[in-house]
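*Asks:* The structure that follows is given in the form of structure tokens.
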Amino acid sequence: MDLLSRKATCNSHGQDSSYFLGWEEYEKNPHDVVKNPHGIIQMGLAENQLCFDLLESWLIQNPDAASFKRDGQSIFRELALFQDYNGLSSFKKALADFMSENRQNRVSFDSKNLVLTAGATSANETLMFCLANPGDAFLLPTPYYPGFDRDLKWRTGVEIVPIQCSSRNGFCITKLALEEAYEQAKKLNLNVKGVLITNPSNPLGTTTTQTELNILFEFISKNKNIHLVSDEIYSGTAFSSSEFISVMEILKTNQLENTDVFKRVHIVYSLSKDLGLPGFRVGAIYSNDKDVISAATKMSSFGLVSSQTQYLLSSLLSDKKFTKNYLRENQRRLNNRQRMLVTGLEAIGIGCLKSNAGLFCWVDMRHLLSSKTFEAEMDLWKKIVYEVKLNISPGSSCHCKEPGWFRVCFANMSEETLKLAMKRLKKFVDNGTLSRSCQVGESQSLKSSRKKTTTTVSNWVFRLSFHDRDTEER
């Protein structure tokens, strides 16, 4: 008899991805300006640390919120006792209003349609439990956030089928790619229950276009049993609010409120990226389907947001003067920092996908590969981690079908650290350029002697979820 369950011992968590392995290497040797100046610089973590001064200033000016007081009187006991898992009504209203403000009030959100969760990870998993059965599938455009292999599949038993997007059109979703993914799922005898997108995209750093959104809505309108989940946790990071279009806006402008589509569109949101508060573990599901809200609320008891956190953030988000200034300043600082990274990379001869949002850039290092293979991508990634001492995320960890792309984060460090990272990378690229011509002959010889790798990114996706499961789990 096995000591642990199949779930505990299965290999479908995705922890062996290079995305997580890079973090492990960083934690062994983290860069510190004073204590460890030659350590690994963390550029694989999408944290927003650019506006902490604004948040800290607000806390100083509003001591009652941080010390759990209301009108000067302590409410510590009230917050310390058991709270209804529906959440504090004051916080849910403040969060719904903030989501509307994030979208320039082009749409409004009803707090009754919100379910609070312990971060976006919990929100995405809860939605999978609500919308799909084990063995059902969701379609995801590639490249996508590596953590989805864990968040969407590991405990739910849901499969991911990639919508293969290409650099030829900036990795945009096309009608053909969407239909091909749907047909691929049918060939694998998978019942497709939905499409999930991140808008703005992680890892691309781009907002989903009107054309792409129209393609998605046409698809779910034609297929009556398919949901659309839009992970919009980076909505406040769009450098210009007008460039971000929420799925809620499509429902409104296309007058779909009174159609069956209305109940099949759901949003995931969080304060981890827009406010830079991942440690607070605040996420939310927004749905127009009362049954989804009811089921998700019951499930939320496994991952609640503390009452203390809700009280503090309800005070902060209710301060409209603060939120207006914060959103504007956050966008400005992110835009400036992104330009700093892009300019630094261009000076080295490295390009990026044109982006307009997010905490990272999708960086093109295909010309630095020894060959157009994922094996060569991993070789380059290891050199960058161990020799250059920068932790970046290889495109294969994001299921990109083209080797040589990397996600590089820019908002979780100081300007000085970013400059140091560019200095290190420049030295590596310059040295590689000088020696590359001398290594061509040796490289060709090595390539001819190597056994060709036929494993595709698409196969790896299914290895993590489908083939590694015991028969009873499929």
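Simple scheme: letters A, B, ... for chains in structure tokens order, numbers from 1 for residues in each chain, numbers from 1 for ligands in the order shown.
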Would you list the contacts of Asn105 in chain A as a CSV table (one decimal) with C-alpha atoms, in the first residue's frame, taking every protein, DNA or RNA residue within 12 Å and counting only C-alpha atoms, but skipping same-chain residues closer than 5 positions in sequence?
*Replies:*
```
chain,number,residue,atom,x,y,z
A,96,ALA,CA,-15.5,46.7,-7.5
A,97,ASP,CA,-15.2,50.4,-7.8
A,98,PHE,CA,-11.4,50.2,-8.2
A,99,MET,CA,-11.9,47.7,-11.1
A,100,SER,CA,-14.2,50.2,-12.8
A,241,SER,CA,-5.7,52.9,-20.0
A,242,SER,CA,-7.3,53.4,-23.4
A,245,ILE,CA,-10.1,46.6,-23.4
A,246,SER,CA,-11.8,44.4,-20.8
A,248,MET,CA,-16.8,43.4,-19.9
A,249,GLU,CA,-16.6,46.2,-22.4
A,324,LYS,CA,-6.6,58.2,-9.2
```
*Asks:* Using only C-alpha atoms, which protein or nucleic acid residues come within 9 Å of Lys92 in chain A? Drop anything in the same chain fewer than 3 positions from it, and give the result as a PyMOL selection string.
*Replies:* chain A and resi 87-89+95-97+111-112+114-116+310+314
*Asks:* List the spatial neighbours of Val292 in chain A as an mmCIF file with N, CA, C and O atoms, in the first residue's frame - criterion: any atom at most 9 Å away, only C-alpha atoms, same-chain residues fewer than 6 positions off excluded.
*Replies:*
```
data_model
loop_
_atom_site.group_PDB
_atom_site.id
_atom_site.type_symbol
_atom_site.label_atom_id
_atom_site.label_comp_id
_atom_site.auth_asym_id
_atom_site.auth_seq_id
_atom_site.Cartn_x
_atom_site.Cartn_y
_atom_site.Cartn_z
ATOM 1 N N LEU A 127 -12.308 28.669 -10.438
ATOM 2 C CA LEU A 127 -13.107 28.731 -11.665
ATOM 3 C C LEU A 127 -13.049 27.420 -12.432
ATOM 4 O O LEU A 127 -14.055 26.968 -12.999
ATOM 5 N N CYS A 130 -15.366 25.062 -10.916
ATOM 6 C CA CYS A 130 -16.759 25.432 -11.184
ATOM 7 C C CYS A 130 -17.196 25.120 -12.612
ATOM 8 O O CYS A 130 -18.356 24.760 -12.849
ATOM 9 N N LEU A 131 -16.287 25.269 -13.558
ATOM 10 C CA LEU A 131 -16.663 25.223 -14.971
ATOM 11 C C LEU A 131 -16.364 23.903 -15.669
ATOM 12 O O LEU A 131 -16.931 23.621 -16.730
ATOM 13 N N LYS A 263 -23.526 35.039 -19.414
ATOM 14 C CA LYS A 263 -23.245 34.215 -18.243
ATOM 15 C C LYS A 263 -22.009 33.332 -18.414
ATOM 16 O O LYS A 263 -21.571 32.703 -17.455
#
```
*Asks:* Between CA of Thr126 in chain A and CA of Ser300 in chain A, measure the distance and give it in Å to one decimal.
*Replies:*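 Going from CA of Thr126 in chain A over to CA of Ser300 in chain A covers 7.7 Å.
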*Asks:* Taking into account only C-alpha atoms, which residue in the set A:Pro143, A:Pro200, A:Pro30, A:Gly39 is nearest to Arg424 in chain A?
*Replies:* A:Gly39
*Asks:* Considering only helix (DSSP H, G or I) as DSSP defines it on the backbone, what residues of range 157-329 of chain A qualify? List them as a VMD selection string.
*Replies:* chain A and resid 167 to 169 175 to 187 210 to 222 235 to 237 241 to 243 247 to 253 260 to 264 278 to 280 290 to 302 307 to 317 320 to 329
*Asks:* Would you work out the distance separating CA of Asp64 in chain A from CA of Asn48 in chain A, expressed in Å to one decimal?
*Replies:* 25.5 Å
*Asks:* Could you make a table, as a Markdown table, of the residues of range 67-142 of chain A that have an atom within 9 Å of an atom of range 168-186 of chain A, each with its nearest atom pair and distance in Å to one decimal, counting only C-alpha atoms, in chain and number order?
*Replies:*
```
| residue | atom | partner | partner_atom | distance |
| --- | --- | --- | --- | --- |
| A:Ala137 | CA | A:Ala185 | CA | 7.4 |
| A:Leu139 | CA | A:Ala181 | CA | 6.9 |
| A:Leu140 | CA | A:Ala181 | CA | 8.8 |
| A:Pro141 | CA | A:Ile173 | CA | 6.8 |
| A:Thr142 | CA | A:Phe171 | CA | 7.6 |
```
*Asks:* Hey, can you spit out that residue selection with N, CA and C atoms as a PDB file, in the first residue's frame?
*Replies:*
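Now in selection.pdb:
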```pdb
ATOM      1  N   ALA A 137     -11.192  20.138 -21.034  1.00  0.00           N
ATOM      2  CA  ALA A 137     -10.058  20.946 -21.484  1.00  0.00           C
ATOM      3  C   ALA A 137     -10.398  22.431 -21.573  1.00  0.00           C
ATOM      4  N   LEU A 139      -8.692  25.885 -23.608  1.00  0.00           N
ATOM      5  CA  LEU A 139      -7.760  26.321 -24.641  1.00  0.00           C
ATOM      6  C   LEU A 139      -7.055  27.584 -24.152  1.00  0.00           C
ATOM      7  N   LEU A 140      -5.715  27.612 -24.268  1.00  0.00           N
ATOM      8  CA  LEU A 140      -4.918  28.773 -23.845  1.00  0.00           C
ATOM      9  C   LEU A 140      -3.977  29.198 -24.952  1.00  0.00           C
ATOM     10  N   PRO A 141      -3.975  30.489 -25.314  1.00  0.00           N
ATOM     11  CA  PRO A 141      -3.019  30.962 -26.326  1.00  0.00           C
ATOM     12  C   PRO A 141      -1.596  30.931 -25.779  1.00  0.00           C
ATOM     13  N   THR A 142      -0.673  30.489 -26.624  1.00  0.00           N
ATOM     14  CA  THR A 142       0.744  30.481 -26.239  1.00  0.00           C
ATOM     15  C   THR A 142       1.425  31.726 -26.789  1.00  0.00           C
TER      16      THR A 142
END
```
*Asks:* Which residues come within 8 Å of Pro278 in chain A, counting only C-alpha atoms, excluding same-chain residues fewer than 4 positions away, as a list of chain:residue names?
*Replies:*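 The residues that qualify are A:Glu47, A:Gly119, A:Leu271, A:Ser272, A:Lys273, A:Val282.
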*Asks:* Pick out each residue of range 190-323 of chain A that DSSP on the backbone tags as strand (DSSP E or B); I need them as a PyMOL selection string.
*Replies:* chain A and resi 192-198+227-231+265-270+283-287
*Asks:* Just to confirm, what's the straight-line distance from CA of Ser318 in chain A to CA of Ala80 in chain A in Å (one decimal)?
*Replies:* 21.9 Å
*Asks:* Neighbouring residues of Asn214 in chain A were defined as those with any atom within 12 Å, considering only C-alpha atoms; residues of the same chain fewer than 3 positions away were excluded. Please report them as a ChimeraX atom specification.
*Replies:* /A:173-175,208-211,217-221,245-247,249-251,253-254
*Asks:* Looking at only C-alpha atoms, which of A:Cys51, A:Ala376, A:Cys352, A:Ala66 is the one that sits closest to Asp274 in chain A?
*Replies:*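 Of A:Cys51, A:Ala376, A:Cys352, A:Ala66, the one nearest Asp274 in chain A, counting only C-alpha atoms, is A:Cys51.
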*Asks:* How close does range 11-62 of chain A get to range 406-415 of chain A? List, as CSV, each residue of range 11-62 of chain A within 7 Å, its nearest atom pair and the distance in Å to one decimal, counting only C-alpha atoms.
*Replies:*
```
residue,atom,partner,partner_atom,distance
A:Met43,CA,A:Cys409,CA,4.8
A:Gly44,CA,A:Cys409,CA,5.8
A:Leu45,CA,A:Cys409,CA,6.3
A:Ala46,CA,A:Cys409,CA,5.8
A:Glu47,CA,A:Asn412,CA,5.0
A:Asn48,CA,A:Ala411,CA,5.1
A:Gln49,CA,A:Asn412,CA,5.2
A:Leu50,CA,A:Ala411,CA,6.2
```
*Asks:* Of the residues A:Gly194, A:Gly157, A:Gly236, A:Pro134, which is the one nearest to Asn356 in chain A, using only C-alpha atoms?
*Replies:*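 Nearest to Asn356 in chain A: A:Gly236.
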*Asks:* Could you give me, as a list in words, the residues within 10 Å of Tyr386 in chain A, counting only C-alpha atoms and dropping anything in the same chain fewer than 3 positions from it?
*Replies:*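 Answer for this query is Gly22, Glu25, Tyr26, Gly39, Ile40, Trp381, Lys382, Lys383, Lys389, Leu390 and Asn391 of chain A.
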*Asks:* Can you tell me, as a list of chain:residue names, what residues are no more than 10 Å from Lys372 in chain A when counting only C-alpha atoms, ignoring any on the same chain fewer than 5 positions away?
*Replies:* A:Arg366, A:His367, A:Glu377, A:Glu402, A:Pro403, A:Gly404
